[in-house]
>>> print(open('model.json').read())   # JSON, N, CA and C atoms
[["chain", "number", "residue", "atom", "x", "y", "z"],
["A", 2, "MET", "N", -106.54, 58.27, 56.40],
["A", 2, "MET", "CA", -106.28, 59.20, 57.48],
["A", 2, "MET", "C", -107.20, 60.41, 57.32],
["A", 3, "ASN", "N", -107.82, 60.81, 58.36],
["A", 3, "ASN", "CA", -108.64, 62.01, 58.27],
["A", 3, "ASN", "C", -107.77, 63.25, 58.45],
["A", 4, "THR", "N", -108.40, 64.41, 58.38],
["A", 4, "THR", "CA", -107.66, 65.67, 58.38],
["A", 4, "THR", "C", -106.92, 65.90, 59.69],
["A", 5, "VAL", "N", -107.54, 65.58, 60.81],
["A", 5, "VAL", "CA", -106.92, 65.85, 62.11],
["A", 5, "VAL", "C", -105.68, 64.96, 62.32],
["A", 6, "SER", "N", -105.83, 63.67, 62.05],
["A", 6, "SER", "CA", -104.69, 62.79, 62.26],
["A", 6, "SER", "C", -103.57, 63.06, 61.26],
["A", 7, "ARG", "N", -103.93, 63.45, 60.02],
["A", 7, "ARG", "CA", -102.92, 63.81, 59.03],
["A", 7, "ARG", "C", -102.16, 65.06, 59.46],
["A", 8, "THR", "N", -102.86, 66.03, 60.01],
["A", 8, "THR", "CA", -102.21, 67.26, 60.47],
["A", 8, "THR", "C", -101.29, 67.00, 61.66],
["A", 9, "ILE", "N", -101.76, 66.21, 62.60],
["A", 9, "ILE", "CA", -100.93, 65.91, 63.78],
["A", 9, "ILE", "C", -99.69, 65.11, 63.39],
["A", 10, "THR", "N", -99.87, 64.07, 62.60],
["A", 10, "THR", "CA", -98.75, 63.23, 62.20],
["A", 10, "THR", "C", -97.76, 64.00, 61.34],
["A", 11, "GLY", "N", -98.26, 64.77, 60.39],
["A", 11, "GLY", "CA", -97.38, 65.55, 59.53],
["A", 11, "GLY", "C", -96.60, 66.61, 60.29],
["A", 12, "THR", "N", -97.26, 67.30, 61.20],
["A", 12, "THR", "CA", -96.60, 68.35, 61.98],
["A", 12, "THR", "C", -95.54, 67.77, 62.91],
["A", 13, "LEU", "N", -95.87, 66.67, 63.58],
["A", 13, "LEU", "CA", -94.89, 66.06, 64.49],
["A", 13, "LEU", "C", -93.68, 65.52, 63.73],
["A", 14, "SER", "N", -93.90, 64.93, 62.58],
["A", 14, "SER", "CA", -92.76, 64.41, 61.84],
["A", 14, "SER", "C", -91.91, 65.53, 61.23],
["A", 15, "ILE", "N", -92.53, 66.65, 60.85],
["A", 15, "ILE", "CA", -91.75, 67.79, 60.37],
["A", 15, "ILE", "C", -90.91, 68.36, 61.50],
["A", 16, "ILE", "N", -91.49, 68.48, 62.69],
["A", 16, "ILE", "CA", -90.74, 69.01, 63.84],
["A", 16, "ILE", "C", -89.60, 68.06, 64.21],
["A", 17, "LEU", "N", -89.87, 66.75, 64.24],
["A", 17, "LEU", "CA", -88.83, 65.78, 64.54],
["A", 17, "LEU", "C", -87.72, 65.81, 63.50],
["A", 18, "GLY", "N", -88.10, 65.94, 62.23],
["A", 18, "GLY", "CA", -87.10, 66.04, 61.17],
["A", 18, "GLY", "C", -86.24, 67.27, 61.30],
["A", 19, "LEU", "N", -86.86, 68.41, 61.63],
["A", 19, "LEU", "CA", -86.08, 69.64, 61.81],
["A", 19, "LEU", "C", -85.13, 69.55, 62.99],
["A", 20, "VAL", "N", -85.59, 68.93, 64.07],
["A", 20, "VAL", "CA", -84.72, 68.76, 65.24],
["A", 20, "VAL", "C", -83.53, 67.88, 64.88],
["A", 21, "LEU", "N", -83.78, 66.80, 64.17],
["A", 21, "LEU", "CA", -82.68, 65.92, 63.78],
["A", 21, "LEU", "C", -81.72, 66.59, 62.79],
["A", 22, "ILE", "N", -82.25, 67.43, 61.91],
["A", 22, "ILE", "CA", -81.39, 68.16, 60.97],
["A", 22, "ILE", "C", -80.50, 69.14, 61.72],
["A", 23, "ILE", "N", -81.06, 69.84, 62.70],
["A", 23, "ILE", "CA", -80.26, 70.78, 63.49],
["A", 23, "ILE", "C", -79.19, 70.03, 64.29],
["A", 24, "ILE", "N", -79.59, 68.90, 64.89],
["A", 24, "ILE", "CA", -78.60, 68.09, 65.61],
["A", 24, "ILE", "C", -77.52, 67.59, 64.66],
["A", 25, "GLY", "N", -77.93, 67.26, 63.44],
["A", 25, "GLY", "CA", -76.97, 66.77, 62.46],
["A", 25, "GLY", "C", -75.94, 67.81, 62.06],
["A", 26, "PHE", "N", -76.34, 69.06, 62.01],
["A", 26, "PHE", "CA", -75.40, 70.10, 61.65],
["A", 26, "PHE", "C", -74.42, 70.43, 62.78],
["A", 27, "PHE", "N", -74.89, 70.32, 64.02],
["A", 27, "PHE", "CA", -74.05, 70.75, 65.13],
["A", 27, "PHE", "C", -73.36, 69.61, 65.88],
["A", 28, "LEU", "N", -74.01, 68.46, 66.02],
["A", 28, "LEU", "CA", -73.43, 67.40, 66.85],
["A", 28, "LEU", "C", -73.01, 66.18, 66.03],
["A", 29, "HIS", "N", -73.99, 65.49, 65.46],
["A", 29, "HIS", "CA", -73.72, 64.25, 64.73],
["A", 29, "HIS", "C", -74.20, 64.38, 63.30],
["A", 30, "VAL", "N", -73.32, 64.13, 62.37],
["A", 30, "VAL", "CA", -73.72, 64.19, 60.96],
["A", 30, "VAL", "C", -74.65, 63.03, 60.62],
["A", 31, "SER", "N", -74.54, 61.94, 61.35],
["A", 31, "SER", "CA", -75.39, 60.78, 61.07],
["A", 31, "SER", "C", -76.86, 61.06, 61.34],
["A", 32, "ALA", "N", -77.18, 62.08, 62.13],
["A", 32, "ALA", "CA", -78.59, 62.43, 62.37],
["A", 32, "ALA", "C", -79.24, 62.99, 61.11],
["A", 33, "LEU", "N", -78.45, 63.49, 60.18],
["A", 33, "LEU", "CA", -79.00, 63.98, 58.92],
["A", 33, "LEU", "C", -79.59, 62.85, 58.10],
["A", 34, "ILE", "N", -79.02, 61.66, 58.24],
["A", 34, "ILE", "CA", -79.52, 60.50, 57.50],
["A", 34, "ILE", "C", -80.98, 60.20, 57.89],
["A", 35, "TYR", "N", -81.32, 60.43, 59.14],
["A", 35, "TYR", "CA", -82.69, 60.21, 59.60],
["A", 35, "TYR", "C", -83.55, 61.48, 59.49],
["A", 36, "GLY", "N", -82.95, 62.64, 59.70],
["A", 36, "GLY", "CA", -83.72, 63.88, 59.75],
["A", 36, "GLY", "C", -84.29, 64.31, 58.42],
["A", 37, "ILE", "N", -83.50, 64.21, 57.36],
["A", 37, "ILE", "CA", -83.96, 64.68, 56.05],
["A", 37, "ILE", "C", -85.12, 63.83, 55.53],
["A", 38, "PRO", "N", -85.05, 62.50, 55.54],
["A", 38, "PRO", "CA", -86.21, 61.72, 55.08],
["A", 38, "PRO", "C", -87.46, 61.91, 55.94],
["A", 39, "ILE", "N", -87.29, 62.00, 57.25],
["A", 39, "ILE", "CA", -88.46, 62.21, 58.12],
["A", 39, "ILE", "C", -89.10, 63.55, 57.83],
["A", 40, "PHE", "N", -88.30, 64.57, 57.57],
["A", 40, "PHE", "CA", -88.83, 65.89, 57.24],
["A", 40, "PHE", "C", -89.66, 65.84, 55.96],
["A", 41, "PHE", "N", -89.13, 65.19, 54.91],
["A", 41, "PHE", "CA", -89.86, 65.14, 53.64],
["A", 41, "PHE", "C", -91.08, 64.24, 53.71],
["A", 42, "ILE", "N", -91.02, 63.17, 54.48],
["A", 42, "ILE", "CA", -92.20, 62.33, 54.67],
["A", 42, "ILE", "C", -93.29, 63.10, 55.41],
["A", 43, "GLY", "N", -92.90, 63.93, 56.39],
["A", 43, "GLY", "CA", -93.87, 64.76, 57.10],
["A", 43, "GLY", "C", -94.55, 65.76, 56.19],
["A", 44, "ILE", "N", -93.78, 66.36, 55.28],
["A", 44, "ILE", "CA", -94.37, 67.30, 54.31],
["A", 44, "ILE", "C", -95.35, 66.56, 53.40],
["A", 45, "PHE", "N", -94.96, 65.36, 52.95],
["A", 45, "PHE", "CA", -95.84, 64.58, 52.10],
["A", 45, "PHE", "C", -97.12, 64.19, 52.82],
["A", 46, "ILE", "N", -97.03, 63.78, 54.06],
["A", 46, "ILE", "CA", -98.22, 63.41, 54.83],
["A", 46, "ILE", "C", -99.12, 64.62, 55.05],
["A", 47, "LEU", "N", -98.53, 65.76, 55.32],
["A", 47, "LEU", "CA", -99.31, 66.96, 55.62],
["A", 47, "LEU", "C", -100.08, 67.46, 54.40],
["A", 48, "PHE", "N", -99.48, 67.39, 53.23],
["A", 48, "PHE", "CA", -100.10, 67.97, 52.04],
["A", 48, "PHE", "C", -100.74, 66.96, 51.11],
["A", 49, "ASN", "N", -100.81, 65.68, 51.48],
["A", 49, "ASN", "CA", -101.42, 64.67, 50.63],
["A", 49, "ASN", "C", -102.93, 64.67, 50.85],
["A", 50, "LYS", "N", -103.67, 65.14, 49.88],
["A", 50, "LYS", "CA", -105.12, 65.22, 50.01],
["A", 50, "LYS", "C", -105.83, 64.11, 49.24],
["A", 51, "LYS", "N", -105.15, 63.42, 48.33],
["A", 51, "LYS", "CA", -105.78, 62.41, 47.50],
["A", 51, "LYS", "C", -106.05, 61.11, 48.25],
["A", 52, "GLU", "N", -105.50, 60.97, 49.43],
["A", 52, "GLU", "CA", -105.64, 59.73, 50.18],
["A", 52, "GLU", "C", -107.08, 59.54, 50.68],
["A", 53, "ASP", "N", -107.82, 60.60, 50.85],
["A", 53, "ASP", "CA", -109.16, 60.50, 51.42],
["A", 53, "ASP", "C", -110.22, 60.14, 50.39],
["A", 54, "HIS", "N", -109.88, 60.13, 49.11],
["A", 54, "HIS", "CA", -110.87, 59.82, 48.08],
["A", 54, "HIS", "C", -110.97, 58.31, 47.88],
["A", 55, "ILE", "N", -112.20, 57.82, 47.78],
["A", 55, "ILE", "CA", -112.46, 56.40, 47.56],
["A", 55, "ILE", "C", -112.94, 56.25, 46.13],
["A", 56, "GLU", "N", -112.27, 55.42, 45.36],
["A", 56, "GLU", "CA", -112.65, 55.20, 43.97],
["A", 56, "GLU", "C", -113.81, 54.21, 43.91],
["A", 57, "LYS", "N", -114.69, 54.41, 42.93],
["A", 57, "LYS", "CA", -115.79, 53.49, 42.73],
["A", 57, "LYS", "C", -115.29, 52.24, 42.00],
["A", 58, "ILE", "N", -115.96, 51.12, 42.27],
["A", 58, "ILE", "CA", -115.60, 49.87, 41.63],
["A", 58, "ILE", "C", -116.17, 49.88, 40.22],
["A", 59, "LYS", "N", -115.30, 49.60, 39.25],
["A", 59, "LYS", "CA", -115.74, 49.55, 37.86],
["A", 59, "LYS", "C", -116.03, 48.09, 37.50],
["A", 60, "GLN", "N", -117.24, 47.85, 36.98],
["A", 60, "GLN", "CA", -117.61, 46.48, 36.62],
["A", 60, "GLN", "C", -117.92, 46.39, 35.15]]
>>> encode(input="model.json", output="structure tokens")
Amino acid sequence: MNTVSRTITGTLSIILGLVLIIIGFFLHVSALIYGIPIFFIGIFILFNKKEDHIEKIKQ
């Protein structure tokens, strides 16, 4: 993933996770089951920089 797609995907998943967490607190507790993991996956996607490095083949 390049920087632009990582930023877009991470930001959208963080926003979706926050919305589900807020819904979980006020309406349905079951939304927390989906909101919390999506939020943490979005943070991981946004701040993961090691994915862009390509390792050399060792022979």
>>> closest_residue(input="model.json", among="A:Ile46, A:Phe26, A:Phe41, A:Ile34", to="A:Gly11", atoms="all atoms listed in the file")
A:Ile46
>>> closest_residue(input="model.json", among="A:Ile24, A:Ile15, A:Gln60, A:Ile55", to="A:Ile39", atoms="only C-alpha atoms")
A:Ile15
>>> residues_around(input="model.json", residues="A:Phe45", least_positions_apart="5", cutoff="12 Å", atoms="only C-alpha atoms", output="JSON, numbers by chain")
{"A": [7, 8, 10, 11, 12, 14, 15, 38, 39, 40, 50, 51, 52]}
>>> atom_distance(input="model.json", atom1="atom C of A:Ser6", atom2="atom C of A:His29")
29.5 Å
>>> closest_residue(input="model.json", among="A:Ile9, A:Gly36, A:Lys57, A:Asn3", to="A:Ile23", atoms="all atoms listed in the file")
A:Gly36
>>> closest_residue(input="model.json", among="A:Ser31, A:Leu13, A:Glu56, A:Val20", to="A:Ile44", atoms="only C-alpha atoms")
A:Leu13
>>> atom_distance(input="model.json", atom1="atom CA of A:Phe27", atom2="atom N of A:Ile42")
21.4 Å
>>> atom_distance(input="model.json", atom1="atom C of A:Leu33", atom2="atom C of A:Leu21")
6.4 Å
>>> select_by_dssp(input="model.json", residues="chain A", states="helix (DSSP H, G or I)", output="number ranges by chain")
A: 4-27, 32-48, 51-53
>>> write_last_selection(input="model.json", atoms="N, CA and C atoms", output="compact mmCIF listing (two decimals), keeping the file's coordinate frame")
# COMPACT_ATOMS: atom_id res chain seq x y z
N THR A 4 -108.40 64.41 58.38
CA THR A 4 -107.66 65.67 58.38
C THR A 4 -106.92 65.90 59.69
N VAL A 5 -107.54 65.58 60.81
CA VAL A 5 -106.92 65.85 62.11
C VAL A 5 -105.68 64.96 62.32
N SER A 6 -105.83 63.67 62.05
CA SER A 6 -104.69 62.79 62.26
C SER A 6 -103.57 63.06 61.26
N ARG A 7 -103.93 63.45 60.02
CA ARG A 7 -102.92 63.81 59.03
C ARG A 7 -102.16 65.06 59.46
N THR A 8 -102.86 66.03 60.01
CA THR A 8 -102.21 67.26 60.47
C THR A 8 -101.29 67.00 61.66
N ILE A 9 -101.76 66.21 62.60
CA ILE A 9 -100.93 65.91 63.78
C ILE A 9 -99.69 65.11 63.39
N THR A 10 -99.87 64.07 62.60
CA THR A 10 -98.75 63.23 62.20
C THR A 10 -97.76 64.00 61.34
N GLY A 11 -98.26 64.77 60.39
CA GLY A 11 -97.38 65.55 59.53
C GLY A 11 -96.60 66.61 60.29
N THR A 12 -97.26 67.30 61.20
CA THR A 12 -96.60 68.35 61.98
C THR A 12 -95.54 67.77 62.91
N LEU A 13 -95.87 66.67 63.58
CA LEU A 13 -94.89 66.06 64.49
C LEU A 13 -93.68 65.52 63.73
N SER A 14 -93.90 64.93 62.58
CA SER A 14 -92.76 64.41 61.84
C SER A 14 -91.91 65.53 61.23
N ILE A 15 -92.53 66.65 60.85
CA ILE A 15 -91.75 67.79 60.37
C ILE A 15 -90.91 68.36 61.50
N ILE A 16 -91.49 68.48 62.69
CA ILE A 16 -90.74 69.01 63.84
C ILE A 16 -89.60 68.06 64.21
N LEU A 17 -89.87 66.75 64.24
CA LEU A 17 -88.83 65.78 64.54
C LEU A 17 -87.72 65.81 63.50
N GLY A 18 -88.10 65.94 62.23
CA GLY A 18 -87.10 66.04 61.17
C GLY A 18 -86.24 67.27 61.30
N LEU A 19 -86.86 68.41 61.63
CA LEU A 19 -86.08 69.64 61.81
C LEU A 19 -85.13 69.55 62.99
N VAL A 20 -85.59 68.93 64.07
CA VAL A 20 -84.72 68.76 65.24
C VAL A 20 -83.53 67.88 64.88
N LEU A 21 -83.78 66.80 64.17
CA LEU A 21 -82.68 65.92 63.78
C LEU A 21 -81.72 66.59 62.79
N ILE A 22 -82.25 67.43 61.91
CA ILE A 22 -81.39 68.16 60.97
C ILE A 22 -80.50 69.14 61.72
N ILE A 23 -81.06 69.84 62.70
CA ILE A 23 -80.26 70.78 63.49
C ILE A 23 -79.19 70.03 64.29
N ILE A 24 -79.59 68.90 64.89
CA ILE A 24 -78.60 68.09 65.61
C ILE A 24 -77.52 67.59 64.66
N GLY A 25 -77.93 67.26 63.44
CA GLY A 25 -76.97 66.77 62.46
C GLY A 25 -75.94 67.81 62.06
N PHE A 26 -76.34 69.06 62.01
CA PHE A 26 -75.40 70.10 61.65
C PHE A 26 -74.42 70.43 62.78
N PHE A 27 -74.89 70.32 64.02
CA PHE A 27 -74.05 70.75 65.13
C PHE A 27 -73.36 69.61 65.88
N ALA A 32 -77.18 62.08 62.13
CA ALA A 32 -78.59 62.43 62.37
C ALA A 32 -79.24 62.99 61.11
N LEU A 33 -78.45 63.49 60.18
CA LEU A 33 -79.00 63.98 58.92
C LEU A 33 -79.59 62.85 58.10
N ILE A 34 -79.02 61.66 58.24
CA ILE A 34 -79.52 60.50 57.50
C ILE A 34 -80.98 60.20 57.89
N TYR A 35 -81.32 60.43 59.14
CA TYR A 35 -82.69 60.21 59.60
C TYR A 35 -83.55 61.48 59.49
N GLY A 36 -82.95 62.64 59.70
CA GLY A 36 -83.72 63.88 59.75
C GLY A 36 -84.29 64.31 58.42
N ILE A 37 -83.50 64.21 57.36
CA ILE A 37 -83.96 64.68 56.05
C ILE A 37 -85.12 63.83 55.53
N PRO A 38 -85.05 62.50 55.54
CA PRO A 38 -86.21 61.72 55.08
C PRO A 38 -87.46 61.91 55.94
N ILE A 39 -87.29 62.00 57.25
CA ILE A 39 -88.46 62.21 58.12
C ILE A 39 -89.10 63.55 57.83
N PHE A 40 -88.30 64.57 57.57
CA PHE A 40 -88.83 65.89 57.24
C PHE A 40 -89.66 65.84 55.96
N PHE A 41 -89.13 65.19 54.91
CA PHE A 41 -89.86 65.14 53.64
C PHE A 41 -91.08 64.24 53.71
N ILE A 42 -91.02 63.17 54.48
CA ILE A 42 -92.20 62.33 54.67
C ILE A 42 -93.29 63.10 55.41
N GLY A 43 -92.90 63.93 56.39
CA GLY A 43 -93.87 64.76 57.10
C GLY A 43 -94.55 65.76 56.19
N ILE A 44 -93.78 66.36 55.28
CA ILE A 44 -94.37 67.30 54.31
C ILE A 44 -95.35 66.56 53.40
N PHE A 45 -94.96 65.36 52.95
CA PHE A 45 -95.84 64.58 52.10
C PHE A 45 -97.12 64.19 52.82
N ILE A 46 -97.03 63.78 54.06
CA ILE A 46 -98.22 63.41 54.83
C ILE A 46 -99.12 64.62 55.05
N LEU A 47 -98.53 65.76 55.32
CA LEU A 47 -99.31 66.96 55.62
C LEU A 47 -100.08 67.46 54.40
N PHE A 48 -99.48 67.39 53.23
CA PHE A 48 -100.10 67.97 52.04
C PHE A 48 -100.74 66.96 51.11
N LYS A 51 -105.15 63.42 48.33
CA LYS A 51 -105.78 62.41 47.50
C LYS A 51 -106.05 61.11 48.25
N GLU A 52 -105.50 60.97 49.43
CA GLU A 52 -105.64 59.73 50.18
C GLU A 52 -107.08 59.54 50.68
N ASP A 53 -107.82 60.60 50.85
CA ASP A 53 -109.16 60.50 51.42
C ASP A 53 -110.22 60.14 50.39
>>> build_atoms(input="model.json", residues="stretch 3-14 of chain A", atoms="all heavy atoms", output="PDB file, keeping the file's coordinate frame")
ATOM      1  N   ASN A   3    -107.820  60.810  58.360  1.00  0.00           N
ATOM      2  CA  ASN A   3    -108.640  62.010  58.270  1.00  0.00           C
ATOM      3  C   ASN A   3    -107.770  63.250  58.450  1.00  0.00           C
ATOM      4  O   ASN A   3    -106.564  63.171  58.651  1.00  0.00           O
ATOM      5  CB  ASN A   3    -109.791  61.960  59.273  1.00  0.00           C
ATOM      6  CG  ASN A   3    -109.301  61.870  60.699  1.00  0.00           C
ATOM      7  OD1 ASN A   3    -108.134  62.054  60.970  1.00  0.00           O
ATOM      8  ND2 ASN A   3    -110.212  61.587  61.604  1.00  0.00           N
ATOM      9  N   THR A   4    -108.400  64.410  58.380  1.00  0.00           N
ATOM     10  CA  THR A   4    -107.660  65.670  58.380  1.00  0.00           C
ATOM     11  C   THR A   4    -106.920  65.900  59.690  1.00  0.00           C
ATOM     12  O   THR A   4    -105.771  66.356  59.692  1.00  0.00           O
ATOM     13  CB  THR A   4    -108.624  66.837  58.112  1.00  0.00           C
ATOM     14  OG1 THR A   4    -109.370  66.547  56.929  1.00  0.00           O
ATOM     15  CG2 THR A   4    -107.882  68.124  57.919  1.00  0.00           C
ATOM     16  N   VAL A   5    -107.540  65.580  60.810  1.00  0.00           N
ATOM     17  CA  VAL A   5    -106.920  65.850  62.110  1.00  0.00           C
ATOM     18  C   VAL A   5    -105.680  64.960  62.320  1.00  0.00           C
ATOM     19  O   VAL A   5    -104.612  65.449  62.690  1.00  0.00           O
ATOM     20  CB  VAL A   5    -107.938  65.629  63.255  1.00  0.00           C
ATOM     21  CG1 VAL A   5    -107.271  65.779  64.601  1.00  0.00           C
ATOM     22  CG2 VAL A   5    -109.090  66.594  63.124  1.00  0.00           C
ATOM     23  N   SER A   6    -105.830  63.670  62.050  1.00  0.00           N
ATOM     24  CA  SER A   6    -104.690  62.790  62.260  1.00  0.00           C
ATOM     25  C   SER A   6    -103.570  63.060  61.260  1.00  0.00           C
ATOM     26  O   SER A   6    -102.388  62.944  61.587  1.00  0.00           O
ATOM     27  CB  SER A   6    -105.126  61.324  62.179  1.00  0.00           C
ATOM     28  OG  SER A   6    -105.638  61.037  60.903  1.00  0.00           O
ATOM     29  N   ARG A   7    -103.930  63.450  60.020  1.00  0.00           N
ATOM     30  CA  ARG A   7    -102.920  63.810  59.030  1.00  0.00           C
ATOM     31  C   ARG A   7    -102.160  65.060  59.460  1.00  0.00           C
ATOM     32  O   ARG A   7    -100.937  65.139  59.328  1.00  0.00           O
ATOM     33  CB  ARG A   7    -103.580  64.013  57.668  1.00  0.00           C
ATOM     34  CG  ARG A   7    -102.585  64.246  56.560  1.00  0.00           C
ATOM     35  CD  ARG A   7    -103.252  64.317  55.215  1.00  0.00           C
ATOM     36  NE  ARG A   7    -104.200  65.419  55.178  1.00  0.00           N
ATOM     37  CZ  ARG A   7    -105.407  65.354  54.645  1.00  0.00           C
ATOM     38  NH1 ARG A   7    -105.845  64.230  54.121  1.00  0.00           N
ATOM     39  NH2 ARG A   7    -106.188  66.412  54.631  1.00  0.00           N
ATOM     40  N   THR A   8    -102.860  66.030  60.010  1.00  0.00           N
ATOM     41  CA  THR A   8    -102.210  67.260  60.470  1.00  0.00           C
ATOM     42  C   THR A   8    -101.290  67.000  61.660  1.00  0.00           C
ATOM     43  O   THR A   8    -100.164  67.497  61.695  1.00  0.00           O
ATOM     44  CB  THR A   8    -103.288  68.304  60.860  1.00  0.00           C
ATOM     45  OG1 THR A   8    -104.164  68.501  59.756  1.00  0.00           O
ATOM     46  CG2 THR A   8    -102.657  69.614  61.250  1.00  0.00           C
ATOM     47  N   ILE A   9    -101.760  66.210  62.600  1.00  0.00           N
ATOM     48  CA  ILE A   9    -100.930  65.910  63.780  1.00  0.00           C
ATOM     49  C   ILE A   9     -99.690  65.110  63.390  1.00  0.00           C
ATOM     50  O   ILE A   9     -98.570  65.451  63.778  1.00  0.00           O
ATOM     51  CB  ILE A   9    -101.764  65.154  64.841  1.00  0.00           C
ATOM     52  CG1 ILE A   9    -102.838  66.071  65.417  1.00  0.00           C
ATOM     53  CG2 ILE A   9    -100.866  64.624  65.955  1.00  0.00           C
ATOM     54  CD1 ILE A   9    -103.842  65.358  66.284  1.00  0.00           C
ATOM     55  N   THR A  10     -99.870  64.070  62.600  1.00  0.00           N
ATOM     56  CA  THR A  10     -98.750  63.230  62.200  1.00  0.00           C
ATOM     57  C   THR A  10     -97.760  64.000  61.340  1.00  0.00           C
ATOM     58  O   THR A  10     -96.541  63.901  61.533  1.00  0.00           O
ATOM     59  CB  THR A  10     -99.259  62.003  61.421  1.00  0.00           C
ATOM     60  OG1 THR A  10    -100.246  61.338  62.196  1.00  0.00           O
ATOM     61  CG2 THR A  10     -98.125  61.070  61.093  1.00  0.00           C
ATOM     62  N   GLY A  11     -98.260  64.770  60.390  1.00  0.00           N
ATOM     63  CA  GLY A  11     -97.380  65.550  59.530  1.00  0.00           C
ATOM     64  C   GLY A  11     -96.600  66.610  60.290  1.00  0.00           C
ATOM     65  O   GLY A  11     -95.391  66.773  60.094  1.00  0.00           O
ATOM     66  N   THR A  12     -97.260  67.300  61.200  1.00  0.00           N
ATOM     67  CA  THR A  12     -96.600  68.350  61.980  1.00  0.00           C
ATOM     68  C   THR A  12     -95.540  67.770  62.910  1.00  0.00           C
ATOM     69  O   THR A  12     -94.422  68.297  62.996  1.00  0.00           O
ATOM     70  CB  THR A  12     -97.636  69.142  62.793  1.00  0.00           C
ATOM     71  OG1 THR A  12     -98.647  69.644  61.908  1.00  0.00           O
ATOM     72  CG2 THR A  12     -96.986  70.301  63.505  1.00  0.00           C
ATOM     73  N   LEU A  13     -95.870  66.670  63.580  1.00  0.00           N
ATOM     74  CA  LEU A  13     -94.890  66.060  64.490  1.00  0.00           C
ATOM     75  C   LEU A  13     -93.680  65.520  63.730  1.00  0.00           C
ATOM     76  O   LEU A  13     -92.543  65.655  64.201  1.00  0.00           O
ATOM     77  CB  LEU A  13     -95.550  64.945  65.296  1.00  0.00           C
ATOM     78  CG  LEU A  13     -96.515  65.394  66.381  1.00  0.00           C
ATOM     79  CD1 LEU A  13     -97.146  64.183  67.058  1.00  0.00           C
ATOM     80  CD2 LEU A  13     -95.805  66.256  67.404  1.00  0.00           C
ATOM     81  N   SER A  14     -93.900  64.930  62.580  1.00  0.00           N
ATOM     82  CA  SER A  14     -92.760  64.410  61.840  1.00  0.00           C
ATOM     83  C   SER A  14     -91.910  65.530  61.230  1.00  0.00           C
ATOM     84  O   SER A  14     -90.689  65.394  61.154  1.00  0.00           O
ATOM     85  CB  SER A  14     -93.216  63.424  60.763  1.00  0.00           C
ATOM     86  OG  SER A  14     -94.089  64.050  59.870  1.00  0.00           O
TER      87      SER A  14
END
